[in-house]
Amino acid sequence: MADLRYTLQASFEPSKCYGNYLDVITAIRAKGFRNHVDTVLKIASPITAICGVNGTGKSTMLQLAAAAYQAANSQRHYISSFILAGSLDIKPFRDDASVEYTYAEPPASDGKQRDRTLTVSRSGSSWSGYDRQPNRNVLYLGSGFYWPQSERDPLFKALFGDSTFLPRIRRQIEDSVVGWASTILLCKYSLAHQNEMRKKYARRSTRLISAKREGGLEYSEANMGFGEARLYSLITALESLREKSLVLMEEPETALHPCAQYELGKYLMDVALRRKLQVLLTTHSEYLLLALPQNSRVYFKRDNTGVVPIHGIGVRQAVSMMEGLAAPAIYILVEDDLGEAIVMELLRKHDPDFLKTSRVIVAGDKDQISRVMSVFEDQKIPICAIRDGDFGANAKLKMFKLFGAGPPEKEIFACQVFRKHFAEQLGVDWDAADLVNKTKNHHAWFDILEVQTARKRAELLPLAARAYLEGVSELERQTLVEQIKASVP
């Protein structure tokens, strides 16, 4: 059976995107809303899961997405429906705030994706630009879309116990909904119903779900667990939704156990494919993220300039960042301190955020690296190794190699960029240094540089690594970085 993640991604290819999903959102640029100074969210999958620590503007982006379409026989959402100004919040947006939506259009004759951009901006005391938006059905499921009747209505308990409070209309919920609830919750249900409950002669009715486990009695959501009842409501809403709608969800994994969160991710991919839905959601769940394709995952990082999205983030990296870098996304094994310096400076140059979530460990020679990797893999801990160039690579085993074909010392000392930098910036006399090093093993070549520069080896190695990397081609550097990042689940 094909992996749903690849099938989902294939359905969003430029030549297929519009045909499958019509004028979906492919980008949102938010300027001047809450902590979004100028944030560009790129959408590269039918499902976009935004993760990050609290207060990074995940919900704001979801709310702005809700205002991207005119209503198609459904509730119309506006920016003012969510972002409220008042005596306690005088400036939740700047006077010149705007949100730019990019929509997919039919592909050009060459198959390339075409886009259309529209902007909703602040005009005096109101927002302008809504009238040019396309029509689309939008379903917004905020954090409070489901709440138990007994908690939101103080009179419900008395009502529920009234002998005249009976199901006046009873509709069986589709088997597919029951099947997915069984799969996600690891609990076999045989059937479920949607019940319109009403007292005798009353005009208002209350809708309650009931379900029957195999071999047990049917019971209503009044006696269900919160996660169980919320999940039934969520699946029922998505399965009854008009095809090619936009779905926006706040933390759909709420109240579900870890395995159920993973299975929920698989269900969301299935329903998005079947019903051609575009889904944007916020989440803190490692397990939900694991179920989704890499292109679905976006991390919102807050810094002193606003919010910086990291698109296509690895799950372990995202979790590490949400945990305050307490748990590494991956361990990277190297042979010695020079290998450590090269790998760290490489990641610092190309992806400093990824470096923060990684741990580079000096493990010893190639045999010791193999032993350490075996121990880590037995414990299911993400790991890869970067061996010296003279030992080669084995991508299948996640063992990659440094640049060149020789030991890193020989590669660095042969690098003209490195030699020029150390001569001009640190005053190294290369004639003298090369003469001394002729009689030494390459592992000791930095000794003479310590003497000539009056710097310790620990100071010299990062400087040497940075200068050396300037002499390595961009393609080679990027390839190794991507190999390391691809080793993160």
# chains A, B, ... in the order shown; residues from 1 in each chain; ligands from 1
>>> select_by_dssp(residues="range 142-262 of chain A", states="strand (DSSP E)", output="MDAnalysis selection string")
chainID A and resid 166:172 189:198 206:213 218:220 246:250
>>> residues_around(residues="Glu214 in chain A", least_positions_apart="2", cutoff="8 Å", atoms="only C-alpha atoms", output="list in words")
Lys188, Tyr189, Ser190, Lys212 and Gly216 of chain A
>>> write_last_selection(atoms="C-alpha atoms", output="PDB file, in the first residue's frame")
ATOM      1  CA  LYS A 188     -13.713  -1.242  18.599  1.00  0.00           C
ATOM      2  CA  TYR A 189     -17.097   0.462  18.133  1.00  0.00           C
ATOM      3  CA  SER A 190     -19.936  -1.339  16.396  1.00  0.00           C
ATOM      4  CA  LYS A 212     -21.751   1.413  21.186  1.00  0.00           C
ATOM      5  CA  GLY A 216     -21.308  -3.397  25.363  1.00  0.00           C
TER       6      GLY A 216
END
>>> closest_atom_pairs(of="range 376-438 of chain A", to="range 335-341 of chain A", cutoff="9 Å", atoms="only C-alpha atoms", output="JSON lines")
{"residue": "A:Ala385", "atom": "CA", "partner": "A:Glu335", "partner_atom": "CA", "distance": 8.8}
{"residue": "A:Ile386", "atom": "CA", "partner": "A:Glu335", "partner_atom": "CA", "distance": 7.7}
{"residue": "A:Arg387", "atom": "CA", "partner": "A:Glu335", "partner_atom": "CA", "distance": 6.3}
{"residue": "A:Asp388", "atom": "CA", "partner": "A:Glu335", "partner_atom": "CA", "distance": 7.1}
{"residue": "A:Leu402", "atom": "CA", "partner": "A:Gly339", "partner_atom": "CA", "distance": 7.8}
{"residue": "A:Pro408", "atom": "CA", "partner": "A:Gly339", "partner_atom": "CA", "distance": 7.1}
{"residue": "A:Glu409", "atom": "CA", "partner": "A:Leu338", "partner_atom": "CA", "distance": 7.8}
>>> residues_around(residues="Asp447 in chain A", least_positions_apart="2", cutoff="12 Å", atoms="only C-alpha atoms", output="list of chain:residue names")
A:Glu409, A:Ala433, A:Asp434, A:Val436, A:Asn437, A:Lys440, A:Asn441, A:His442, A:His443, A:Ala444, A:Trp445, A:Leu449, A:Glu450, A:Val451, A:Gln452, A:Thr453, A:Ala454, A:Arg455, A:Lys456, A:Arg457, A:Ala458, A:Leu460, A:Leu461
>>> closest_residue(among="A:Lys356, A:His284, A:Arg477, A:His350", to="Val53 in chain A", atoms="only C-alpha atoms")
A:His284
>>> residues_around(residues="Gly144 in chain A", least_positions_apart="3", cutoff="9 Å", atoms="only C-alpha atoms", output="count of residues only")
3
>>> closest_residue(among="A:Ile369, A:Ile28, A:Cys17, A:Ala181", to="Glu105 in chain A", atoms="only C-alpha atoms")
A:Cys17
>>> residues_around(residues="Glu221 in chain A", least_positions_apart="4", cutoff="7 Å", atoms="only C-alpha atoms", output="list in words")
Leu208, Ile209, Ser210 and Ala229 of chain A
>>> atom_distance(atom1="CA of Leu277 in chain A", atom2="CA of Pro46 in chain A")
7.1 Å
>>> residues_around(residues="Lys380 in chain A", least_positions_apart="5", cutoff="12 Å", atoms="only C-alpha atoms", output="short mmCIF file (atom, residue, chain, number, x, y, z; two decimals) with all heavy atoms, in the first residue's frame")
data_model
loop_
_atom_site.label_atom_id
_atom_site.label_comp_id
_atom_site.auth_asym_id
_atom_site.auth_seq_id
_atom_site.Cartn_x
_atom_site.Cartn_y
_atom_site.Cartn_z
N ILE A 330 19.06 15.34 17.10
CA ILE A 330 19.91 14.28 16.57
C ILE A 330 21.30 14.38 17.20
O ILE A 330 21.74 15.47 17.58
CB ILE A 330 20.03 14.38 15.02
CG1 ILE A 330 20.72 13.15 14.45
CG2 ILE A 330 20.71 15.67 14.59
CD1 ILE A 330 20.64 13.05 12.94
N TYR A 331 21.96 13.24 17.33
CA TYR A 331 23.35 13.19 17.74
C TYR A 331 24.20 12.94 16.49
O TYR A 331 23.89 12.07 15.67
CB TYR A 331 23.58 12.07 18.75
CG TYR A 331 22.95 12.34 20.09
CD1 TYR A 331 21.64 11.95 20.35
CD2 TYR A 331 23.66 12.99 21.10
CE1 TYR A 331 21.05 12.21 21.58
CE2 TYR A 331 23.07 13.25 22.34
CZ TYR A 331 21.77 12.86 22.56
OH TYR A 331 21.19 13.12 23.78
N MET A 373 27.14 4.03 17.36
CA MET A 373 25.90 4.12 16.57
C MET A 373 24.98 2.94 16.87
O MET A 373 23.77 3.10 16.97
CB MET A 373 26.22 4.16 15.08
CG MET A 373 26.69 5.51 14.60
SD MET A 373 26.67 5.67 12.79
CE MET A 373 24.92 5.89 12.48
N SER A 374 25.56 1.78 17.01
CA SER A 374 24.75 0.59 17.30
C SER A 374 24.00 0.74 18.62
O SER A 374 22.82 0.40 18.72
CB SER A 374 25.65 -0.64 17.35
OG SER A 374 24.92 -1.79 17.66
N VAL A 375 24.68 1.28 19.64
CA VAL A 375 24.04 1.48 20.95
C VAL A 375 22.90 2.49 20.84
O VAL A 375 21.80 2.28 21.35
CB VAL A 375 25.08 1.96 21.99
CG1 VAL A 375 24.39 2.37 23.29
CG2 VAL A 375 26.11 0.87 22.26
N VAL A 488 17.15 13.13 10.57
CA VAL A 488 16.24 13.43 11.67
C VAL A 488 14.84 12.98 11.28
O VAL A 488 14.36 13.32 10.20
CB VAL A 488 16.22 14.94 11.98
CG1 VAL A 488 15.30 15.25 13.15
CG2 VAL A 488 17.64 15.44 12.27
N PRO A 489 14.17 12.19 12.14
CA PRO A 489 12.80 11.75 11.80
C PRO A 489 11.88 12.92 11.56
O PRO A 489 11.99 13.94 12.22
CB PRO A 489 12.37 10.95 13.03
CG PRO A 489 13.64 10.57 13.72
CD PRO A 489 14.62 11.67 13.42
#
